[in-house]
Amino acid sequence: MSTATMSRVPDPPVRPRGGLFRHRDFRLLWTAQAVSSVGSNVTTVALPLVALAVLDATTFQVAVLTAAAWLPWLLVGLPAGAWVDRLPRRPVMIVCDLASALLFLSVPVAAVLGVLTIGQLLAVALGGGLARVFFETADQAYLPTLLRPEEVPEANAKLQATQTASYVVGPGLAGLVAQLAGAVTALLLDALSFLVSAACLGRIRAVERPAPRLDGPPSLRREVAVGIRFVARDPYLRVMTLFGAASNIGLTGYQAVLVVFLVRSAGLPPGLVGLLIGLASLGGIVGATIATTVARRIGTARAMLLAALVSGPPALLIPLAGPGLGVVWLLLGGVAVSLAVSVGNVVKGSFRQTYAPQALLGRVTVSMQLLNFGTIPLAAVLAGALGAAYGPGRAIWVMTGWLALTPLILLVGPLRRRRDLPAAPEPA
C-alpha cells in the first residue's frame with residue numbers, strides 16, 4: 001500500500017506555566033476554530049430563520065436544510081479521509097475556510113438582489129457541509145502534529161469548551177441580529193468568521209513534513225479500505241462509532257425541527273429562540289471544562305459510559321417545552337444533554353487521536369464519522385417528515401425517545417469491563 005502522511009514535528013520545548021495557551025501555534029489554531037465555530041452556530045439558527053422569514057419555508061424544507069449540510073459525510077466522507085492523509089492538513093483547512101466564506105456571502109448578496117431561493121439555500125448548506133467534511137477531517141489529524149501525545153487531551157478539552165461556548169454565543173447572536181437587522185444579515189457574520197479563521201491558520205509556523213511513501217502504487221480504494229477495516233475490527237472504535245451514529249439520529253432529529261417548533265408552535269420571537277437554544281448549550285461548556293478531570297478520577301472508559309447515560313433520558317424533558325415558564329423544560333433538558341455530549345466528545349476525540357496510528361488517523365476519523373455524521377441527514381429528513389405529518393412537537397418526542405435508549409449500545413462492547421480505555425490497539 002502507498003500513502004503519504006504527515007510526520008510528527010519534533011516535541012516542543014518545555015513551556016512555562018500557563019498551559020497550552022502559551023503555545024503560539026495552538027493558540028492560533030484555537031482562535032481559528034473559536035471564531036469559525038461561532039459563525040457556524042450563527043448559521044444553524046440564521047439559515048432556518050432566513051428560510052422561514054424570507055421564503056416562508058415549510059417544516060419539511062427547513063429540516064432538509066439540515067440534511068443538506070450533513071449529506072456530504074455520506075457522499076465523500078471516506079475518500080476525504082484518504083485525500084487528507086495524502087496532503088498537508090493546514091492548507092486544506094485554509095481552502096475550506098475561504099470556500100465557506102464565499103458560499104455564505106452569496107446568501108445576503110442574492111437577498112439584496114431579490115433572487116434568493118430555497119434552492120440556493122440548499123446549495124449553500126450542501127457546499128458548506130462539503131467544506132466542513134474536509135476541514136474537520138484535516139483538523140482532527142492536524143492537532144496531534146502540533147503537540148505531544150500527553151498534551152492532546154488538554155487541547156481537546158479547550159477546543160471542546162470553546163466549541164460548546166459557540167453553541168451559546170452563536171445562536172444567541174443570530175437571534176439578536178435577526179431581531180434587529182434581519183436573519184440575512186446574520187449570515188454576514190458567518191462569512192466573516194471563516195475569513196478570520198483562514199487568516200489565523202495562515203500564521204501558524206509549524207511545518208508539516210510528508211512521511212516516506214510506503215511500498216506499492218497509490219490506490220484510493222485500498223487506502224479507504226484500510227481505514228474501514230481498522231475501525232470495524234477494533235472493539236472500542238467499533239462500539240463508539242455505532243453509539244455515535246445512533247445518538248446523532250436523536251440529537252439531530254429534534255434539533256432539525258426545534259426552531260420551527262419554538263417559532264410556530266410556541267409562538268416565540270426569533271431573538272428569544274436564539275437565546276434559548278444558546279442557553280440550552282451552557283452545560284456543554286461545563287462538560288468540556290470538567291471532562292479531563294472526570295476521566296482522570298473515574299477512568300476514561302467509565303467517563304464515556306457516564307456521559308452516555310446522562311445524555312439520554314434527560315432529553316425527554318425537551319419536548320415538554322412551551323410558552324412562558326414552559327421554556328424551563330427546554331433549558332433543563334438541553335443543559336443536561338449538552339454537558340454529557342461534551343464530556344463524551346472530549347474523551348472520545350482524545351482517545352482516537354492518540355490510539356490510532358498517525359498514518360491512518362485521517363481515514364480512521366472519517367470511517368467513524370461516516371456513520372456518526374452520515375445518519376444526520378437521514379434523521380433530519382425523518383424528523384421533517386414526522387413534523388410535517390404530525391407536527392414538530394410530536395417529532396421531537398419521537399427523536400428524544402430514541403436518544404434516551406441509545407446508551408444501551410455502549411453496554412454491549414468492552415467499555416463496561418474497564419476503568420480506562422487502552423493506550424494502543426492490542427497486537428493482532
# chains A, B, ... in the order shown; residues from 1 in each chain; ligands from 1
>>> select_by_dssp(residues="segment 352-420 of chain A", states="alpha helix (DSSP H)", output="ChimeraX atom specification")
/A:352-355,361-390,392-405
>>> closest_atom_pairs(of="segment 369-403 of chain A", to="segment 36-59 of chain A", cutoff="10 Å", atoms="only C-alpha atoms", output="JSON lines")
{"residue": "A:Ala383", "atom": "CA", "partner": "A:Thr59", "partner_atom": "CA", "distance": 9.4}
{"residue": "A:Gly384", "atom": "CA", "partner": "A:Thr59", "partner_atom": "CA", "distance": 6.1}
{"residue": "A:Ala385", "atom": "CA", "partner": "A:Thr59", "partner_atom": "CA", "distance": 8.2}
{"residue": "A:Leu386", "atom": "CA", "partner": "A:Thr59", "partner_atom": "CA", "distance": 9.5}
{"residue": "A:Gly387", "atom": "CA", "partner": "A:Thr59", "partner_atom": "CA", "distance": 6.6}
{"residue": "A:Ala388", "atom": "CA", "partner": "A:Thr59", "partner_atom": "CA", "distance": 5.9}
{"residue": "A:Ala389", "atom": "CA", "partner": "A:Thr59", "partner_atom": "CA", "distance": 9.7}
{"residue": "A:Gly391", "atom": "CA", "partner": "A:Thr59", "partner_atom": "CA", "distance": 8.7}
{"residue": "A:Pro392", "atom": "CA", "partner": "A:Thr59", "partner_atom": "CA", "distance": 7.8}
>>> residues_around(residues="Ala165 of chain A", least_positions_apart="4", cutoff="9 Å", atoms="only C-alpha atoms", output="PyMOL selection string")
chain A and resi 34+37-38+160-161+169-170+278+281-282+284-285
>>> write_last_selection(atoms="C-alpha atoms", output="mmCIF file, in the first residue's frame")
data_model
loop_
_atom_site.group_PDB
_atom_site.id
_atom_site.type_symbol
_atom_site.label_atom_id
_atom_site.label_comp_id
_atom_site.auth_asym_id
_atom_site.auth_seq_id
_atom_site.Cartn_x
_atom_site.Cartn_y
_atom_site.Cartn_z
ATOM 1 C CA ALA A 34 -13.339 29.562 18.036
ATOM 2 C CA SER A 37 -17.462 27.847 15.394
ATOM 3 C CA VAL A 38 -19.283 30.990 16.481
ATOM 4 C CA GLN A 160 -14.424 21.394 23.020
ATOM 5 C CA ALA A 161 -15.121 24.060 25.654
ATOM 6 C CA VAL A 169 -22.892 32.641 21.649
ATOM 7 C CA GLY A 170 -23.714 31.740 18.030
ATOM 8 C CA GLY A 278 -27.834 29.147 23.211
ATOM 9 C CA SER A 281 -25.964 24.582 25.361
ATOM 10 C CA LEU A 282 -24.427 26.068 28.518
ATOM 11 C CA GLY A 284 -21.505 21.836 27.237
ATOM 12 C CA ILE A 285 -19.086 24.472 28.499
#
>>> closest_residue(among="A:Thr406, A:Phe261, A:Arg22, A:Val273", to="Ser247 of chain A", atoms="only C-alpha atoms")
A:Thr406
>>> closest_residue(among="A:Ala101, A:Leu330, A:Leu78, A:Val294", to="Ser193 of chain A", atoms="only C-alpha atoms")
A:Ala101
>>> residues_around(residues="Ala155 of chain A", least_positions_apart="4", cutoff="10 Å", atoms="only C-alpha atoms", output="number ranges by chain")
A: 19-21, 26-27, 30, 143-144, 147, 150-151, 159-161, 346, 350
>>> write_last_selection(atoms="N, CA and C atoms", output="CSV table (one decimal), in the first residue's frame")
chain,number,residue,atom,x,y,z
A,19,GLY,N,-0.2,26.6,30.6
A,19,GLY,CA,-0.9,25.6,29.7
A,19,GLY,C,-0.7,25.9,28.3
A,20,LEU,N,-1.5,25.3,27.5
A,20,LEU,CA,-1.3,25.3,26.0
A,20,LEU,C,-1.6,26.7,25.4
A,21,PHE,N,-2.2,27.6,26.2
A,21,PHE,CA,-2.4,28.9,25.6
A,21,PHE,C,-1.0,29.7,25.5
A,26,PHE,N,-0.7,26.5,18.8
A,26,PHE,CA,-2.0,26.0,19.3
A,26,PHE,C,-3.0,27.2,19.5
A,27,ARG,N,-2.5,28.3,20.0
A,27,ARG,CA,-3.3,29.5,20.3
A,27,ARG,C,-3.9,30.0,19.0
A,30,TRP,N,-6.6,27.4,18.0
A,30,TRP,CA,-7.7,27.6,18.9
A,30,TRP,C,-8.6,28.8,18.4
A,143,LEU,N,-4.1,18.3,14.7
A,143,LEU,CA,-3.8,18.7,16.1
A,143,LEU,C,-2.7,17.9,16.7
A,144,PRO,N,-2.6,16.5,16.5
A,144,PRO,CA,-1.5,15.8,17.1
A,144,PRO,C,-0.1,16.1,16.5
A,147,LEU,N,1.4,18.9,18.9
A,147,LEU,CA,1.5,18.7,20.3
A,147,LEU,C,2.1,17.4,20.7
A,150,GLU,N,0.7,13.6,25.3
A,150,GLU,CA,0.1,13.8,26.6
A,150,GLU,C,-0.6,15.2,26.7
A,151,GLU,N,-0.3,16.0,25.7
A,151,GLU,CA,-1.0,17.4,25.6
A,151,GLU,C,-2.3,17.3,24.9
A,159,LEU,N,-10.5,23.0,23.1
A,159,LEU,CA,-11.3,23.2,21.9
A,159,LEU,C,-12.7,22.8,22.0
A,160,GLN,N,-13.0,21.8,22.8
A,160,GLN,CA,-14.4,21.4,23.0
A,160,GLN,C,-15.2,22.5,23.8
A,161,ALA,N,-14.5,23.0,24.8
A,161,ALA,CA,-15.1,24.1,25.7
A,161,ALA,C,-15.4,25.3,24.8
A,346,VAL,N,-15.0,15.0,24.3
A,346,VAL,CA,-13.6,15.2,24.7
A,346,VAL,C,-12.8,13.8,24.9
A,350,SER,N,-9.9,12.5,22.2
A,350,SER,CA,-8.6,12.4,22.7
A,350,SER,C,-8.1,10.9,22.5
>>> residues_around(residues="segment 298-308 of chain A", least_positions_apart="4", cutoff="7 Å", atoms="only C-alpha atoms", output="ChimeraX atom specification")
/A:294,312,340-341,343-344,347,407,410,415,418-421
>>> write_last_selection(atoms="N, CA and C atoms", output="PDB file, in the first residue's frame")
ATOM      1  N   VAL A 294     -12.933  14.479  35.196  1.00  0.00           N
ATOM      2  CA  VAL A 294     -13.800  13.318  35.395  1.00  0.00           C
ATOM      3  C   VAL A 294     -13.126  12.053  34.885  1.00  0.00           C
ATOM      4  N   GLY A 312     -28.876  10.679  27.586  1.00  0.00           N
ATOM      5  CA  GLY A 312     -30.058  10.008  27.060  1.00  0.00           C
ATOM      6  C   GLY A 312     -31.370  10.426  27.699  1.00  0.00           C
ATOM      7  N   ALA A 340     -23.331  16.298  28.895  1.00  0.00           N
ATOM      8  CA  ALA A 340     -22.902  14.919  28.721  1.00  0.00           C
ATOM      9  C   ALA A 340     -22.258  14.690  27.354  1.00  0.00           C
ATOM     10  N   VAL A 341     -22.835  15.267  26.318  1.00  0.00           N
ATOM     11  CA  VAL A 341     -22.263  15.119  24.976  1.00  0.00           C
ATOM     12  C   VAL A 341     -20.857  15.709  24.923  1.00  0.00           C
ATOM     13  N   VAL A 343     -18.647  16.032  27.441  1.00  0.00           N
ATOM     14  CA  VAL A 343     -17.712  15.139  28.127  1.00  0.00           C
ATOM     15  C   VAL A 343     -17.362  13.957  27.234  1.00  0.00           C
ATOM     16  N   GLY A 344     -18.368  13.354  26.633  1.00  0.00           N
ATOM     17  CA  GLY A 344     -18.119  12.214  25.753  1.00  0.00           C
ATOM     18  C   GLY A 344     -17.265  12.563  24.563  1.00  0.00           C
ATOM     19  N   VAL A 347     -13.487  12.933  25.624  1.00  0.00           N
ATOM     20  CA  VAL A 347     -12.868  11.638  25.909  1.00  0.00           C
ATOM     21  C   VAL A 347     -12.669  10.841  24.626  1.00  0.00           C
ATOM     22  N   PRO A 407     -27.858   4.891  25.080  1.00  0.00           N
ATOM     23  CA  PRO A 407     -26.747   4.476  25.957  1.00  0.00           C
ATOM     24  C   PRO A 407     -26.603   2.971  26.102  1.00  0.00           C
ATOM     25  N   LEU A 410     -23.502   1.142  24.328  1.00  0.00           N
ATOM     26  CA  LEU A 410     -22.159   1.072  24.903  1.00  0.00           C
ATOM     27  C   LEU A 410     -21.997  -0.079  25.890  1.00  0.00           C
ATOM     28  N   LEU A 415     -16.335  -1.567  26.978  1.00  0.00           N
ATOM     29  CA  LEU A 415     -16.170  -0.439  27.896  1.00  0.00           C
ATOM     30  C   LEU A 415     -16.676  -0.752  29.297  1.00  0.00           C
ATOM     31  N   ARG A 418     -14.037  -2.086  31.808  1.00  0.00           N
ATOM     32  CA  ARG A 418     -12.769  -1.387  32.002  1.00  0.00           C
ATOM     33  C   ARG A 418     -12.956  -0.095  32.795  1.00  0.00           C
ATOM     34  N   ARG A 419     -11.877   0.301  33.453  1.00  0.00           N
ATOM     35  CA  ARG A 419     -11.859   1.618  34.067  1.00  0.00           C
ATOM     36  C   ARG A 419     -11.378   2.644  33.062  1.00  0.00           C
ATOM     37  N   ASP A 420     -10.309   2.319  32.322  1.00  0.00           N
ATOM     38  CA  ASP A 420      -9.723   3.232  31.345  1.00  0.00           C
ATOM     39  C   ASP A 420      -9.687   2.600  29.969  1.00  0.00           C
ATOM     40  N   LEU A 421      -9.746   3.443  28.962  1.00  0.00           N
ATOM     41  CA  LEU A 421      -9.551   2.990  27.594  1.00  0.00           C
ATOM     42  C   LEU A 421      -8.090   2.673  27.350  1.00  0.00           C
TER      43      LEU A 421
END
>>> closest_residue(among="A:Phe243, A:Phe135, A:Tyr355, A:Tyr236", to="Thr375 of chain A", atoms="only C-alpha atoms")
A:Phe243
